[in-house]
Every structure is written in structure tokens, then in C-alpha cells.
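A.B. asks: Hey, dropping entry07.csv in here, CSV, C-alpha atoms:
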```csv
chain,number,residue,atom,x,y,z
A,24,MET,CA,-85.5,238.5,-196.7
A,25,ASN,CA,-84.5,235.4,-198.6
A,26,ASP,CA,-86.3,233.3,-196.0
A,27,VAL,CA,-89.5,235.2,-196.5
A,28,GLN,CA,-89.3,234.9,-200.3
A,29,SER,CA,-88.7,231.1,-199.9
A,30,THR,CA,-91.7,230.7,-197.7
A,31,GLU,CA,-93.9,232.7,-200.1
A,32,ARG,CA,-92.8,230.4,-202.9
A,33,SER,CA,-93.3,227.2,-201.0
A,34,VAL,CA,-97.0,228.0,-200.1
A,35,PRO,CA,-98.2,228.1,-203.7
A,36,THR,CA,-96.0,225.1,-204.5
A,37,ARG,CA,-97.7,223.0,-201.8
A,38,ALA,CA,-101.1,224.3,-202.9
A,39,SER,CA,-100.5,223.3,-206.5
A,40,GLU,CA,-99.2,219.9,-205.5
A,41,LEU,CA,-102.3,219.3,-203.4
A,42,ARG,CA,-104.5,220.5,-206.3
A,43,ARG,CA,-102.6,218.2,-208.7
A,44,HIS,CA,-102.9,215.3,-206.3
A,45,GLY,CA,-106.7,215.9,-206.0
A,46,LEU,CA,-107.1,216.0,-209.7
A,47,ARG,CA,-105.3,212.7,-210.1
A,48,TRP,CA,-107.6,211.0,-207.6
A,49,ALA,CA,-110.7,212.6,-209.2
A,50,ALA,CA,-109.6,211.3,-212.6
A,51,LEU,CA,-109.0,207.8,-211.2
A,52,ILE,CA,-112.4,207.7,-209.4
A,53,ALA,CA,-114.3,209.1,-212.4
A,54,LEU,CA,-112.8,206.8,-215.0
A,55,SER,CA,-113.0,203.8,-212.7
A,56,ILE,CA,-116.7,204.4,-212.1
A,57,GLY,CA,-117.3,204.9,-215.8
A,58,GLY,CA,-115.5,201.6,-216.6
A,59,TRP,CA,-117.4,199.8,-213.9
A,60,ALA,CA,-120.8,201.0,-215.3
A,61,LEU,CA,-119.7,199.9,-218.8
A,62,GLY,CA,-118.6,196.5,-217.5
A,63,GLU,CA,-121.8,196.0,-215.6
A,64,SER,CA,-123.8,196.8,-218.7
A,65,VAL,CA,-122.2,194.1,-220.7
A,66,GLY,CA,-122.2,191.5,-217.9
A,67,LEU,CA,-118.5,191.5,-217.1
A,68,THR,CA,-117.4,189.4,-214.1
A,69,ALA,CA,-116.0,191.6,-211.2
A,70,ALA,CA,-116.5,194.7,-213.4
A,71,GLY,CA,-115.4,197.0,-210.6
A,72,LEU,CA,-112.0,195.3,-210.1
A,73,PHE,CA,-111.4,194.9,-213.9
A,74,SER,CA,-112.1,198.6,-214.7
A,75,ALA,CA,-110.2,199.9,-211.7
A,76,LEU,CA,-107.2,197.7,-212.5
A,77,ILE,CA,-107.1,198.8,-216.1
A,78,VAL,CA,-107.7,202.5,-215.4
A,79,ALA,CA,-105.2,202.6,-212.5
A,80,ALA,CA,-102.5,200.8,-214.5
A,81,THR,CA,-103.0,203.2,-217.5
A,82,LEU,CA,-102.8,206.3,-215.3
A,83,ALA,CA,-99.8,204.9,-213.4
A,84,VAL,CA,-97.8,204.1,-216.6
A,85,THR,CA,-98.5,207.5,-218.1
A,86,GLY,CA,-97.6,209.3,-214.8
A,87,TRP,CA,-101.1,210.6,-214.2
A,88,GLY,CA,-102.1,208.3,-211.4
A,89,PRO,CA,-101.8,208.8,-207.6
A,90,SER,CA,-98.8,207.1,-206.0
A,91,ARG,CA,-100.7,204.3,-204.1
A,92,VAL,CA,-103.8,203.3,-202.2
A,93,PRO,CA,-103.6,204.1,-198.4
A,94,ARG,CA,-102.8,200.9,-196.6
A,95,PRO,CA,-105.8,201.0,-194.2
A,96,LEU,CA,-108.2,201.2,-197.1
A,97,GLY,CA,-106.5,198.2,-198.8
A,98,LYS,CA,-106.9,196.2,-195.6
A,99,LEU,CA,-110.5,197.3,-195.3
A,100,ALA,CA,-111.2,196.2,-198.9
A,101,GLN,CA,-109.7,192.8,-198.2
A,102,GLY,CA,-111.8,192.4,-195.1
A,103,VAL,CA,-115.1,193.2,-196.9
A,104,LEU,CA,-114.3,190.8,-199.7
A,105,ALA,CA,-113.3,188.0,-197.3
A,106,SER,CA,-116.5,188.6,-195.2
A,107,ALA,CA,-118.6,188.3,-198.4
A,108,VAL,CA,-117.0,184.9,-199.2
A,109,GLY,CA,-117.5,183.7,-195.6
A,110,LEU,CA,-121.2,184.6,-195.7
A,111,MET,CA,-121.5,182.4,-198.8
A,112,VAL,CA,-120.9,179.2,-196.7
A,113,HIS,CA,-124.6,178.5,-196.1
A,114,ARG,CA,-125.5,175.5,-194.0
A,115,ASP,CA,-128.2,174.5,-196.6
A,116,THR,CA,-125.8,174.7,-199.5
A,117,ILE,CA,-123.2,172.5,-197.7
A,118,ALA,CA,-125.8,170.1,-196.5
A,119,ALA,CA,-127.0,169.7,-200.1
A,120,LEU,CA,-123.8,167.8,-200.8
A,121,GLY,CA,-125.0,165.0,-198.5
A,122,SER,CA,-122.9,161.9,-199.0
A,123,MET,CA,-121.1,163.5,-201.9
A,124,TRP,CA,-118.9,165.8,-199.8
A,125,VAL,CA,-116.0,163.4,-199.6
A,126,PRO,CA,-115.5,163.2,-203.4
A,127,VAL,CA,-116.1,167.0,-203.8
A,128,VAL,CA,-113.5,167.8,-201.2
A,129,SER,CA,-111.1,165.3,-202.7
A,130,ILE,CA,-111.5,166.9,-206.2
A,131,ALA,CA,-111.0,170.3,-204.6
A,132,ALA,CA,-107.8,169.0,-203.0
A,133,ALA,CA,-106.6,167.6,-206.4
A,134,THR,CA,-107.3,171.0,-208.0
A,135,LEU,CA,-105.2,172.6,-205.3
A,136,ALA,CA,-102.4,170.2,-206.0
A,137,LEU,CA,-102.6,171.0,-209.8
A,138,SER,CA,-102.5,174.7,-209.0
A,139,VAL,CA,-99.4,174.3,-206.8
A,140,ALA,CA,-97.7,172.3,-209.5
A,141,ALA,CA,-98.5,174.9,-212.1
A,142,GLY,CA,-97.3,177.7,-209.8
A,143,ALA,CA,-94.0,175.9,-209.3
A,144,LEU,CA,-93.6,175.7,-213.1
A,145,LEU,CA,-94.5,179.4,-213.5
A,146,ALA,CA,-91.9,180.2,-210.8
A,147,LEU,CA,-89.2,178.8,-213.0
A,148,HIS,CA,-89.5,181.9,-215.1
A,149,ARG,CA,-86.9,184.4,-214.1
A,150,ASP,CA,-89.4,187.2,-213.6
A,151,VAL,CA,-91.6,185.2,-211.2
A,152,ASP,CA,-90.9,184.4,-207.5
A,153,ALA,CA,-92.4,181.3,-205.7
A,154,VAL,CA,-95.2,183.2,-203.9
A,155,THR,CA,-96.3,185.0,-207.0
A,156,GLY,CA,-96.3,181.8,-209.0
A,157,SER,CA,-98.4,179.9,-206.5
A,158,LEU,CA,-101.0,182.7,-206.2
A,159,SER,CA,-101.1,183.3,-209.9
A,160,MET,CA,-102.0,179.8,-210.9
A,161,THR,CA,-104.5,178.9,-208.1
A,162,ALA,CA,-107.7,177.8,-209.8
A,163,GLY,CA,-110.3,179.8,-207.9
A,164,GLY,CA,-110.8,182.9,-205.7
A,165,ALA,CA,-109.2,185.4,-208.1
A,166,THR,CA,-110.3,188.6,-206.3
A,167,GLY,CA,-109.2,187.2,-202.8
A,168,LEU,CA,-105.8,186.1,-204.1
A,169,VAL,CA,-105.1,189.4,-205.8
A,170,ALA,CA,-106.2,191.2,-202.5
A,171,MET,CA,-103.8,189.1,-200.3
A,172,ALA,CA,-100.8,188.9,-202.8
A,173,ARG,CA,-98.9,192.0,-201.6
A,174,GLU,CA,-99.5,191.0,-197.9
A,175,LEU,CA,-97.9,187.6,-198.6
A,176,GLY,CA,-94.9,189.2,-200.4
A,177,GLY,CA,-96.0,188.4,-203.9
A,178,ASP,CA,-96.3,190.7,-206.9
A,179,ASP,CA,-100.0,191.6,-207.0
A,180,ARG,CA,-99.6,193.0,-210.6
A,181,VAL,CA,-98.6,189.6,-212.0
A,182,VAL,CA,-101.2,187.8,-209.9
A,183,ALA,CA,-104.0,190.1,-211.1
A,184,VAL,CA,-103.1,189.8,-214.8
A,185,VAL,CA,-102.7,186.0,-214.7
A,186,GLN,CA,-105.7,185.3,-212.5
A,187,TYR,CA,-108.0,187.4,-214.7
A,188,LEU,CA,-106.6,185.9,-217.8
A,189,ARG,CA,-107.9,182.6,-216.3
A,190,VAL,CA,-111.3,184.1,-215.5
A,191,ALA,CA,-111.6,185.6,-218.9
A,192,LEU,CA,-110.7,182.3,-220.6
A,193,VAL,CA,-113.2,180.4,-218.5
A,194,VAL,CA,-116.0,182.9,-219.0
A,195,VAL,CA,-115.5,183.1,-222.7
A,196,SER,CA,-115.1,179.3,-223.3
A,197,MET,CA,-117.7,177.9,-220.9
A,198,PRO,CA,-120.9,178.8,-222.9
A,199,MET,CA,-119.4,177.4,-226.1
A,200,ILE,CA,-118.3,174.2,-224.4
A,201,VAL,CA,-121.7,173.8,-222.7
A,202,THR,CA,-123.6,174.5,-226.0
A,203,PHE,CA,-121.4,172.6,-228.5
A,204,GLY,CA,-119.6,170.1,-226.3
A,205,PHE,CA,-122.5,168.9,-224.2
A,206,ARG,CA,-125.3,169.9,-226.7
A,207,ALA,CA,-127.1,171.6,-223.8
A,208,ASP,CA,-130.1,173.9,-224.2
A,209,THR,CA,-128.9,177.1,-222.6
A,210,GLY,CA,-132.3,178.7,-223.1
A,211,ALA,CA,-134.1,176.7,-220.4
A,212,ASP,CA,-136.9,178.5,-218.6
A,213,THR,CA,-135.4,178.0,-215.2
A,214,VAL,CA,-136.5,180.0,-212.2
A,215,THR,CA,-133.8,180.4,-209.6
A,216,GLY,CA,-134.1,181.8,-206.1
A,217,THR,CA,-132.3,185.0,-205.3
A,218,GLU,CA,-131.3,186.0,-201.8
A,219,GLY,CA,-132.8,189.0,-200.2
A,220,GLY,CA,-130.8,192.0,-199.5
A,221,GLY,CA,-130.2,191.1,-195.9
A,222,SER,CA,-130.8,193.5,-193.0
A,223,GLU,CA,-130.7,197.2,-193.2
A,224,TRP,CA,-127.2,198.8,-193.5
A,225,TYR,CA,-127.2,199.9,-189.8
A,226,VAL,CA,-127.6,196.2,-188.8
A,227,THR,CA,-125.1,194.9,-191.3
A,228,LEU,CA,-122.3,197.3,-190.7
A,229,PRO,CA,-121.7,196.3,-187.0
A,230,PHE,CA,-121.5,192.7,-188.1
A,231,LEU,CA,-119.0,193.5,-190.8
A,232,ALA,CA,-116.9,195.6,-188.3
A,233,LEU,CA,-116.9,192.5,-186.0
A,234,PHE,CA,-115.8,190.2,-188.9
A,235,ILE,CA,-113.1,192.5,-190.2
A,236,VAL,CA,-111.6,194.0,-186.9
A,237,GLY,CA,-112.1,190.9,-184.8
A,238,GLY,CA,-111.1,188.4,-187.4
A,239,THR,CA,-108.0,190.3,-188.4
A,240,ALA,CA,-107.0,190.7,-184.8
A,241,VAL,CA,-107.4,187.0,-184.0
A,242,ALA,CA,-105.6,185.9,-187.2
A,243,SER,CA,-102.7,188.2,-186.4
A,244,LEU,CA,-102.6,186.9,-182.9
A,245,VAL,CA,-102.3,183.3,-184.0
A,246,ARG,CA,-99.9,184.4,-186.9
A,247,LEU,CA,-102.0,183.2,-189.8
A,248,PRO,CA,-100.7,184.3,-193.2
A,249,ALA,CA,-102.7,187.1,-194.8
A,250,PRO,CA,-104.7,187.9,-191.6
A,251,ALA,CA,-106.7,190.7,-193.2
A,252,THR,CA,-108.2,188.0,-195.5
A,253,LEU,CA,-108.2,184.7,-193.6
A,254,GLY,CA,-109.4,186.3,-190.3
A,255,PRO,CA,-112.6,187.9,-191.5
A,256,LEU,CA,-113.3,184.9,-193.8
A,257,ALA,CA,-113.1,182.4,-190.9
A,258,VAL,CA,-115.2,184.6,-188.5
A,259,SER,CA,-117.9,185.4,-191.0
A,260,ALA,CA,-118.1,181.7,-192.1
A,261,GLY,CA,-118.4,180.6,-188.5
A,262,PHE,CA,-121.2,183.1,-187.9
A,263,GLU,CA,-123.0,181.9,-191.0
A,264,LEU,CA,-122.7,178.2,-190.2
A,265,GLY,CA,-123.8,178.9,-186.6
A,266,GLY,CA,-126.9,180.6,-187.8
A,267,TRP,CA,-126.1,183.9,-186.1
A,268,SER,CA,-125.9,186.1,-189.3
A,269,ASP,CA,-128.7,184.7,-191.5
A,270,ALA,CA,-130.0,188.2,-192.3
A,271,VAL,CA,-126.5,189.8,-192.9
A,272,ALA,CA,-125.3,190.4,-196.4
A,273,VAL,CA,-122.5,192.7,-197.7
A,274,PRO,CA,-124.3,195.7,-199.4
A,275,PRO,CA,-123.7,195.6,-203.2
A,276,MET,CA,-122.2,199.1,-203.4
A,277,LEU,CA,-119.8,198.3,-200.5
A,278,MET,CA,-118.7,195.2,-202.3
A,279,THR,CA,-118.2,197.2,-205.5
A,280,ALA,CA,-116.1,199.8,-203.6
A,281,ALA,CA,-114.0,197.0,-202.1
A,282,LEU,CA,-113.3,195.5,-205.6
A,283,ILE,CA,-112.4,198.9,-207.0
A,284,LEU,CA,-109.9,199.6,-204.1
A,285,ILE,CA,-108.3,196.2,-204.8
A,286,GLY,CA,-108.0,197.0,-208.5
A,287,TRP,CA,-106.4,200.3,-207.7
A,288,GLN,CA,-104.0,198.7,-205.3
A,289,ALA,CA,-102.6,196.4,-208.0
A,290,GLY,CA,-103.0,198.9,-210.9
A,291,LEU,CA,-101.2,201.8,-209.3
A,292,ALA,CA,-98.1,199.6,-208.8
A,293,PHE,CA,-97.6,199.2,-212.6
A,294,ASP,CA,-94.8,200.9,-214.5
A,295,ARG,CA,-93.2,200.4,-217.9
A,296,ALA,CA,-90.7,197.9,-216.6
A,297,SER,CA,-93.3,195.8,-215.0
A,298,LEU,CA,-95.4,195.8,-218.2
A,299,ARG,CA,-92.4,194.5,-220.1
A,300,ALA,CA,-91.9,191.8,-217.5
A,301,ILE,CA,-95.5,190.7,-217.6
A,302,GLY,CA,-95.4,190.6,-221.4
A,303,ARG,CA,-92.6,188.1,-221.1
A,304,ILE,CA,-94.5,186.0,-218.6
A,305,LEU,CA,-97.9,186.1,-220.3
A,306,PRO,CA,-97.5,183.4,-223.0
A,307,TYR,CA,-96.0,181.0,-220.5
A,308,ALA,CA,-98.8,181.7,-218.0
A,309,ALA,CA,-101.5,181.3,-220.7
A,310,LEU,CA,-100.2,177.9,-221.6
A,311,LEU,CA,-100.2,176.8,-218.0
A,312,THR,CA,-103.7,178.2,-217.5
A,313,LEU,CA,-105.0,176.2,-220.4
A,314,LEU,CA,-103.4,173.0,-219.1
A,315,VAL,CA,-104.9,173.6,-215.6
A,316,GLY,CA,-108.3,174.1,-217.2
A,317,ALA,CA,-108.0,170.9,-219.2
A,318,ALA,CA,-106.9,169.0,-216.1
A,319,CYS,CA,-109.9,170.4,-214.2
A,320,ALA,CA,-112.2,169.1,-216.9
A,321,GLY,CA,-110.6,165.7,-216.4
A,322,LEU,CA,-111.4,166.0,-212.7
A,323,GLY,CA,-115.0,166.8,-213.7
A,324,VAL,CA,-115.2,163.4,-215.4
A,325,LEU,CA,-113.9,161.7,-212.3
A,326,LEU,CA,-116.4,163.7,-210.1
A,327,SER,CA,-119.2,162.6,-212.3
A,328,HIS,CA,-118.1,158.9,-211.9
A,329,LEU,CA,-117.8,159.2,-208.1
A,330,THR,CA,-121.1,161.1,-207.4
A,331,GLY,CA,-123.4,160.1,-210.2
A,332,ALA,CA,-123.8,163.7,-211.3
A,333,SER,CA,-124.2,164.3,-215.0
A,334,LEU,CA,-121.0,165.2,-217.0
A,335,LEU,CA,-122.4,168.7,-217.5
A,336,GLU,CA,-123.0,169.2,-213.8
A,337,ALA,CA,-119.6,167.9,-212.9
A,338,TYR,CA,-117.9,170.1,-215.5
A,339,LEU,CA,-119.6,173.1,-214.1
A,340,ALA,CA,-118.8,172.1,-210.5
A,341,THR,CA,-115.0,171.9,-211.4
A,342,THR,CA,-114.7,174.8,-213.8
A,343,PRO,CA,-111.8,176.8,-212.5
A,344,GLY,CA,-113.3,180.3,-211.9
A,345,GLY,CA,-116.0,182.7,-212.8
A,346,LEU,CA,-118.5,181.7,-210.0
A,347,ALA,CA,-121.3,184.0,-211.1
A,348,ALA,CA,-121.0,182.9,-214.8
A,349,VAL,CA,-120.9,179.2,-213.7
A,350,LEU,CA,-124.1,179.6,-211.7
A,351,ALA,CA,-125.8,181.5,-214.5
A,352,VAL,CA,-125.0,178.8,-217.1
A,353,SER,CA,-126.0,176.1,-214.6
A,354,ALA,CA,-129.4,177.7,-214.1
A,355,SER,CA,-129.9,178.3,-217.8
A,356,THR,CA,-129.3,174.5,-218.6
A,357,ALA,CA,-131.6,173.3,-215.8
A,358,SER,CA,-128.7,171.6,-214.1
A,359,ASN,CA,-128.6,170.9,-210.3
A,360,VAL,CA,-127.6,174.5,-209.3
A,361,THR,CA,-127.4,173.6,-205.6
A,362,PHE,CA,-124.8,170.9,-206.3
A,363,VAL,CA,-122.8,173.1,-208.6
A,364,ALA,CA,-123.0,176.0,-206.1
A,365,ALA,CA,-122.0,173.9,-203.1
A,366,ALA,CA,-119.0,172.4,-205.0
A,367,GLN,CA,-117.8,175.7,-206.3
A,368,VAL,CA,-118.2,177.6,-202.9
A,369,LEU,CA,-116.5,174.7,-201.0
A,370,ARG,CA,-113.5,174.8,-203.5
A,371,LEU,CA,-113.4,178.6,-203.3
A,372,VAL,CA,-113.1,178.5,-199.5
A,373,ILE,CA,-110.5,175.7,-199.6
A,374,MET,CA,-108.4,177.7,-202.1
A,375,LEU,CA,-108.5,180.9,-200.1
A,376,VAL,CA,-107.7,179.2,-196.8
A,377,THR,CA,-104.9,176.9,-198.0
A,378,THR,CA,-103.2,178.8,-200.8
A,379,PRO,CA,-101.5,181.4,-198.5
A,380,ILE,CA,-100.1,178.6,-196.4
A,381,MET,CA,-99.0,176.5,-199.4
A,382,ALA,CA,-97.4,179.6,-201.0
A,383,LYS,CA,-95.4,180.4,-197.9
A,384,VAL,CA,-94.2,176.8,-197.5
A,385,PHE,CA,-93.3,176.6,-201.2
A,386,ALA,CA,-91.4,179.8,-201.0
A,387,HIS,CA,-89.5,178.6,-197.9
A,388,PHE,CA,-88.3,175.4,-199.5
A,389,SER,CA,-87.5,177.2,-202.8
A,390,SER,CA,-85.3,179.7,-200.9
A,391,ARG,CA,-83.6,176.9,-199.0
A,392,ARG,CA,-82.9,175.0,-202.3
A,393,ARG,CA,-81.4,178.1,-203.9
A,394,ARG,CA,-79.2,178.7,-200.9
A,395,ALA,CA,-78.0,175.1,-201.0
```
Could you render the structure as C-alpha cells?

C.D. replies:
Amino acid sequence: MNDVQSTERSVPTRASELRRHGLRWAALIALSIGGWALGESVGLTAAGLFSALIVAATLAVTGWGPSRVPRPLGKLAQGVLASAVGLMVHRDTIAALGSMWVPVVSIAAATLALSVAAGALLALHRDVDAVTGSLSMTAGGATGLVAMARELGGDDRVVAVVQYLRVALVVVSMPMIVTFGFRADTGADTVTGTEGGGSEWYVTLPFLALFIVGGTAVASLVRLPAPATLGPLAVSAGFELGGWSDAVAVPPMLMTAALILIGWQAGLAFDRASLRAIGRILPYAALLTLLVGAACAGLGVLLSHLTGASLLEAYLATTPGGLAAVLAVSASTASNVTFVAAAQVLRLVIMLVTTPIMAKVFAHFSSRRRRA
């Protein structure tokens, strides 16, 4: 008799738990879409990721959020984002650098060295480990670095907050620096080309499946760090440079969905203790971010001297983040958009490919030093 009563009680309990779980996901989805629409209306960079991160973190801290994003969905989102970055590596854009590619790559390498140094300084904070510090301070590829942070063993919550602090500072300060520092006319009537939407979705999706599944499998086989990111990035970039995927583009809504999933992945991991820890880190991280930004501006002066580009074009080419905003400002000032885009995309790819390796190496030597 008792067993029957226990079974009868467990059925509604499971049903109510499922209902509560469904309501939590419904609230997360609805609020994230609303935040994305609001962000898009005001021109916010990576609005889907921003809104999803804030909404998920708020619901997680208040106890109203789901427990986590299913791991396969997180991997899929990483693959979509990496494929989109790989498809940006156009032959025409890279060819536009001409003889300037050596100084541009050298400046990108110097930016990476600055990022690693800043990451090492951030890792001195008691709440930050070596991998998290390296990923947090890398000057470029914010969404990709947030996506791969957990896979590399870092704290994706800290990486997300610090990376988007950098993006916010760049996006807010850049128009003022261009207008008042360079006295540039940001109202230039410049017509810029826009890419077409690529093939139909039923042509694009098989390519994306190849990039994501094939790239991840190969990267795992050769034991690359963050295979769900670096594998699809390498395969999609190879197809693009080989001219085999000229008509392929990641559908905008699929890209938005991937960004939202990445935002949820980081946001749902928040709790009150992590918020307090990030609050302690934030002033230190903000200072380091400003120093890296100032150093990148200095590298822009050097790039202008080496390539003959104007100081404004070199500044835009070395600005650490906010690719869409950089290209928009570049177009509005009648600058050489092709040069700025090539330099920014090249640096973005270098950062996403090398940072995971550098983070692992740095973490290895840091752990050995602590043991010694």
C-alpha cells in the first residue's frame, strides 16, 4: 500500500519538475530574444551574446535559470562561430595587403605578446588561473575565446566579462578618438560593398556540417587544443582560400542562435560567489585592458611608419576589438576599408589559432613553477 502511495506521489512530482524546467527554459529564451532585439535596435555589437549572457546570469543568480546548456549544443555553437570566422578569410582581402603583409603579421604577433603579458599579470590575482588570465586579456576574437574557454579549462564567466569589457571600451571610445583625436569627418558619403547572402540554406548546411563535424574530428585526432573551435576554423578557412566555398555564408539567424547559446553557456554558470570574485577582479582587469589598448595604439603608429598607411587607418587596423564597429567607422571616414579589414581579420585568425596553444603552455609552466 505504501509503495502504491509513493508511486502516486512521485508521478505529479516529476510532472511538476518537468513543467518548472520547461518554464525556466521558456523564460530564458523569451527574455534573451527580447534583449537581442533591443540590442540590435541600438546597434550593440554581438547583441545576441550580450543579451543571453546578462539574462542567463540574472536568472542563474536568482535561482530561476536552467542548470546548464547541453554540451552538444555548446559544441555546435562553437563550430558555427568558428566556421563564420574561417569564411571571412577571403583571398581578395588577404591579397589586398600585398607587400604589407609582413609588417601586419608582425604587429599582430606583437599584439599577441602584449596580450600574453597582460594575461600573466591578471593571473597574479588570487581569483584568476593562468588559462583564464590568458584568454581574458587576448586583444581580439572575444566571442571565439568565450566559446572555447571552458573547453580549455578556463573560467568562461571571467573571460566573458573581461572580454566584453574590452569590446565595450573600444566601441565607446573609438568614435570619439577618431572624431576628436584625428579630426576625421565621420559623415563621409562612402558606399561600401556588402556580401550577398550566399547560397540557399540547403546548400550551406551540408558545408557547415562538413566544417564542424570533419574539422572537430580532425582537430581531435591531432590533439589540437579546443578542437570544436580550431578544427572548423581551419577547415572553413581552407575551403574559402581554395575557392571551394565562395557562395557559402553562415545564415544570420543561425549565427545569432550560436551567439545566444554561447552567452547562455557562460551566464548559467554564474552564482553569487562568482559575482563577488569577478567584482574583485574587474578594477584590475579594467586597468590592464586600458594599458593594452594604449599599447595597441602605439603599435598603430609603428604600423603607419612601416606601411605608409595613414595614422587613422593604422589606428583602426590595430584597434583591439569590435570588428563590425571598426569597419563601420573606417567606411564612414573614407579610409582604406580593405586594408583595415585585412589587418583586422588576419589578427583575429592569429589570435584564435595561437591563444589556446599559448594559454596551455603558459598554464603548464605556471603549474611547474608553483610546484617548484

A.B. asks: Residues at most 12 Å from A:Ala272, counting only C-alpha atoms, excluding those fewer than 5 positions away in the same chain, as JSON, numbers by chain?

C.D. replies: {"A": [103, 104, 106, 107, 108, 109, 110, 111, 113, 218, 219, 220, 221, 222, 223, 224, 225, 226, 227, 228, 229, 230, 231, 259, 262, 263, 277, 278]}

A.B. asks: Would you write out, as a tab-separated table, a table of all residues in stretch 237-326 of chain A that have an atom no more than 10 Å from an atom of stretch 369-377 of chain A, listing for each the closest atom pair and the distance in Å to one decimal, considering all atoms listed in the file and ordering rows by chain and rising residue number?

C.D. replies:
```
residue	atom	partner	partner_atom	distance
A:Leu247	CA	A:Val376	CA	9.9
A:Pro248	CA	A:Val376	CA	9.4
A:Ala249	CA	A:Val376	CA	9.6
A:Thr252	CA	A:Leu375	CA	8.5
A:Leu253	CA	A:Val376	CA	6.4
A:Gly254	CA	A:Val376	CA	9.8
A:Leu256	CA	A:Val376	CA	8.5
A:Ala257	CA	A:Val376	CA	8.6
A:Ala260	CA	A:Val372	CA	9.5
```

A.B. asks: May I ask which of the residues A:Gly164, A:Gly261, A:Gly71, A:Pro250 is the closest one to A:Leu282, counting all atoms listed in the file?

C.D. replies: A:Gly71

A.B. asks: Which residues are close to A:Gly321, i.e. within 12 Å by all atoms listed in the file, leaving aside same-chain residues fewer than 6 positions away? Reply as an NGL selection string.

C.D. replies: :A and (130 or 133-134 or 137 or 314-315 or 327-328 or 334 or 337-343)

A.B. asks: In terms of the shortest atom-to-atom distance over only C-alpha atoms, which of A:Ala300, A:Leu158, A:Val112, A:Ile283 is closest to A:Ala53?

C.D. replies: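 Of all the options, A:Ile283 lies closest to A:Ala53.
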
A.B. asks: Taking all atoms listed in the file into account, which of A:Ala357, A:Ile56, A:Ala132, A:Leu82 comes nearest A:Met276?

C.D. replies: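 Looking at the shortest contact to A:Met276, the residue is A:Ile56.
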
A.B. asks: Separation of atom CA of A:Val324 and atom CA of A:Ala308, in Å?

C.D. replies: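 Atom CA of A:Ala308 lies at a distance of 24.7 Å from atom CA of A:Val324.
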